[in-house]
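Student: Just passing along the structure, written as structure tokens.
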Amino acid sequence: MDNASITDVWDRVVGSQPDPEQWLVIATGVLALLAVAPHGVWRISRNAITIAHEGGHGLIALLTGRQLDGIRLHSDTSGLTVSRGKPTGIGMVLTAAAGYTAPPLLGLGGAWLLAANHITALLWGATVLLLAMLVMIRNAYGVLTVVVAGGAFVLVSWLTDPEVQAGFAYVVVWFLLLGGVRPAFELQRKRRAQGNAQRFRQGRWPGDGGAGDSDADQLSRLTHVPAAMWLFLFHAVSLCSLIGGGRWLLGPVLDQL
């Protein structure tokens, strides 16, 4: 690839793209909601939320100086991220807290990029993150899931026209924002139904190695703060991200009202 081609690619990535039609912004939000709300569809689509959840654990583990041993994604949409390092302290707390907060915060960041018309940057950035995560996957189903997700981003980024790229990007961001809200509510319902951590181990929750060892319960043991407070944090982050991200995405539409 010559210097001119490299420059063109770079300009495409860092440059801005035209605003999509208002109907597309609304339609992609409805489509994302249909991927989150029905239970049968959610059982499949939440695989994408698990990727973001476990990726959040892995990324923060690395950023806080922990050694990341690997990530596993399972067909029941559960997952497990294993890292080594000091078993207590701020690094471990941030790593444990990153799972449930990662999908909505990624959605918020994506909404900011789309509001700034950086559609290509979002697609390429997501592809890079998925490729980096693929290196740390340690089971076949996890590899398949991440390859399929990464392949979708590559195909859309390289082979489709700007309108399709915009639609795909908006669906992804809406899905992260909307799908980031549901896990904390499901975790809360499971903890209430089971009553205590010992009975909680009988089930499994997407994004956790086992329900009795949920992120909220791990954080409670690490910080001596009740698990309910960590659940409140998960709710606050996801709902605030949805409100803020939705406002960015719907900005042009709301301005017309």
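In the structure tokens, the first chain shown is A, the next is B, and so on; residue numbers restart at 1 for each chain, and ligands run from 1 in the order shown.
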Tell me which protein, DNA and RNA residues are within 10 Å of segment 236-251 of chain A, counting only C-alpha atoms, leaving out same-chain ones fewer than 3 positions away, and put them as a ChimeraX atom specification.
Tutor: /A:22,25-26,29,100-116,170,173-174,176-184,230-233,254-256
Student: Would you put the residues from that selection into a file with C-alpha atoms, as a JSON list (two decimals), in the first residue's frame?
Tutor:
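Saved the output as result-v1.json:
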[["chain", "number", "residue", "atom", "x", "y", "z"],
["A", 22, "GLN", "CA", -33.74, 10.63, 11.06],
["A", 25, "VAL", "CA", -31.86, 6.55, 13.81],
["A", 26, "ILE", "CA", -35.34, 5.72, 15.08],
["A", 29, "GLY", "CA", -33.36, 1.94, 17.95],
["A", 100, "TYR", "CA", -21.65, -4.98, 34.15],
["A", 101, "THR", "CA", -20.59, -1.41, 33.45],
["A", 102, "ALA", "CA", -18.67, -2.17, 30.23],
["A", 103, "PRO", "CA", -21.60, -2.66, 27.77],
["A", 104, "PRO", "CA", -23.47, 0.56, 28.66],
["A", 105, "LEU", "CA", -20.27, 2.61, 28.82],
["A", 106, "LEU", "CA", -19.18, 1.25, 25.44],
["A", 107, "GLY", "CA", -22.61, 2.21, 24.15],
["A", 108, "LEU", "CA", -22.21, 5.70, 25.60],
["A", 109, "GLY", "CA", -18.81, 6.09, 23.96],
["A", 110, "GLY", "CA", -20.24, 4.81, 20.69],
["A", 111, "ALA", "CA", -23.12, 7.29, 20.89],
["A", 112, "TRP", "CA", -20.62, 10.12, 21.36],
["A", 113, "LEU", "CA", -18.72, 9.01, 18.25],
["A", 114, "LEU", "CA", -21.91, 8.76, 16.21],
["A", 115, "ALA", "CA", -23.06, 12.18, 17.41],
["A", 116, "ALA", "CA", -19.74, 13.50, 16.09],
["A", 170, "TYR", "CA", -26.49, 2.71, 15.08],
["A", 173, "VAL", "CA", -24.74, 1.31, 19.77],
["A", 174, "TRP", "CA", -28.46, 1.18, 20.51],
["A", 176, "LEU", "CA", -25.25, -1.82, 23.83],
["A", 177, "LEU", "CA", -27.22, 0.96, 25.49],
["A", 178, "LEU", "CA", -30.48, -1.00, 25.73],
["A", 179, "GLY", "CA", -28.89, -4.39, 26.33],
["A", 180, "GLY", "CA", -26.67, -2.91, 29.01],
["A", 181, "VAL", "CA", -29.73, -2.15, 31.16],
["A", 182, "ARG", "CA", -31.26, -5.63, 31.32],
["A", 183, "PRO", "CA", -28.43, -7.66, 32.97],
["A", 184, "ALA", "CA", -28.47, -5.77, 36.27],
["A", 230, "TRP", "CA", -23.02, -2.52, 43.80],
["A", 231, "LEU", "CA", -26.25, -3.51, 42.08],
["A", 232, "PHE", "CA", -27.38, 0.08, 42.50],
["A", 233, "LEU", "CA", -24.16, 1.22, 40.83],
["A", 254, "LEU", "CA", -35.36, 15.99, 19.22],
["A", 255, "ASP", "CA", -34.19, 19.30, 17.81],
["A", 256, "GLN", "CA", -36.93, 19.08, 15.21]]
Student: At what distance in Å, to one decimal, does atom CA of Ala61 of chain A lie from atom CA of Thr223 of chain A?
Tutor: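 It comes out at 17.2 Å.
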Student: May I have the residues within 10 Å of Ala152 of chain A as a ChimeraX atom specification, using only C-alpha atoms and disregarding those fewer than 6 positions away in the same chain?
Tutor: /A:123,127,146,168
Student: Based on the selection just made, write all heavy atoms of those residues as a CSV table (one decimal), in the first residue's frame.
Tutor:
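The resulting selection_10.csv:
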chain,number,residue,atom,x,y,z
A,123,LEU,N,-16.6,1.8,13.8
A,123,LEU,CA,-16.6,0.4,13.2
A,123,LEU,C,-15.2,-0.2,13.3
A,123,LEU,O,-15.0,-1.3,13.7
A,123,LEU,CB,-17.1,0.4,11.8
A,123,LEU,CG,-18.6,0.8,11.6
A,123,LEU,CD1,-18.9,0.9,10.1
A,123,LEU,CD2,-19.5,-0.2,12.2
A,127,THR,N,-13.7,-3.3,15.7
A,127,THR,CA,-13.0,-4.4,15.1
A,127,THR,C,-11.6,-4.6,15.8
A,127,THR,O,-11.3,-5.8,16.0
A,127,THR,CB,-12.7,-4.1,13.6
A,127,THR,OG1,-14.0,-3.9,12.9
A,127,THR,CG2,-12.0,-5.3,12.9
A,146,VAL,N,-16.5,-14.6,18.9
A,146,VAL,CA,-15.8,-13.4,18.6
A,146,VAL,C,-15.4,-13.2,17.1
A,146,VAL,O,-15.5,-12.1,16.6
A,146,VAL,CB,-14.5,-13.3,19.5
A,146,VAL,CG1,-13.6,-12.1,19.1
A,146,VAL,CG2,-14.9,-13.3,21.0
A,168,PHE,N,-25.8,-0.1,10.5
A,168,PHE,CA,-25.2,-1.1,11.4
A,168,PHE,C,-24.6,-0.5,12.6
A,168,PHE,O,-24.8,-1.0,13.7
A,168,PHE,CB,-24.0,-1.8,10.6
A,168,PHE,CG,-23.4,-2.9,11.3
A,168,PHE,CD1,-23.9,-4.2,11.5
A,168,PHE,CD2,-22.1,-2.7,11.9
A,168,PHE,CE1,-23.3,-5.2,12.2
A,168,PHE,CE2,-21.4,-3.7,12.6
A,168,PHE,CZ,-22.1,-5.0,12.7
Student: Skipping near chain neighbours, those fewer than 4 positions away, what residues fall within 7 Å of Gly167 of chain A using only C-alpha atoms, listed as an NGL selection string?
Tutor: :A and (24 or 28 or 163 or 171)
Student: Can you tell me, as a list in words, what residues are no more than 6 Å from segment 66-75 of chain A when counting only C-alpha atoms, ignoring any on the same chain fewer than 3 positions away?
Tutor: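 Surrounding residues, per the criterion: Ala61, Leu62, Ser78, Gly79, Leu80, Thr81, Val82, Ser83, Arg84, Gly85, Met136, Ile137, Arg138, Asn139 and Gly142 of chain A.
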Student: Nearest to Thr95 of chain A: which of A:Leu59, A:Ala166, A:Ala228, A:Leu134 is it, counting only C-alpha atoms?
Tutor: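 Nearest candidate to Thr95 of chain A out of A:Leu59, A:Ala166, A:Ala228, A:Leu134: A:Leu59.
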Student: Report as number ranges by chain: the residues of segment 21-206 of chain A with a DSSP assignment of strand (DSSP E or B), based on the backbone of this structure.
Tutor: A: 67-73, 79-84, 137
Student: Quick check, in Å to one decimal: how far apart do atom CA of Phe234 of chain A and atom CA of Ile90 of chain A lie?
Tutor: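 Distance reported for this atom pair: 17.6 Å.
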Student: Quick one: of A:Leu122, A:Phe175, A:Ala98, A:Pro162, who's nearest to Ala37 of chain A, counting only C-alpha atoms?
Tutor: A:Phe175
Student: Using Å and a single decimal, report how far atom CA of Phe185 of chain A sits from atom CA of Val36 of chain A.
Tutor: 12.9 Å
Student: From a DSSP pass on the backbone, collect the residues of segment 129-196 of chain A flagged as helix (DSSP H, G or I) and hand them back as an MDAnalysis selection string.
Tutor: chainID A and resid 129:134 140:159 162:179 182:194
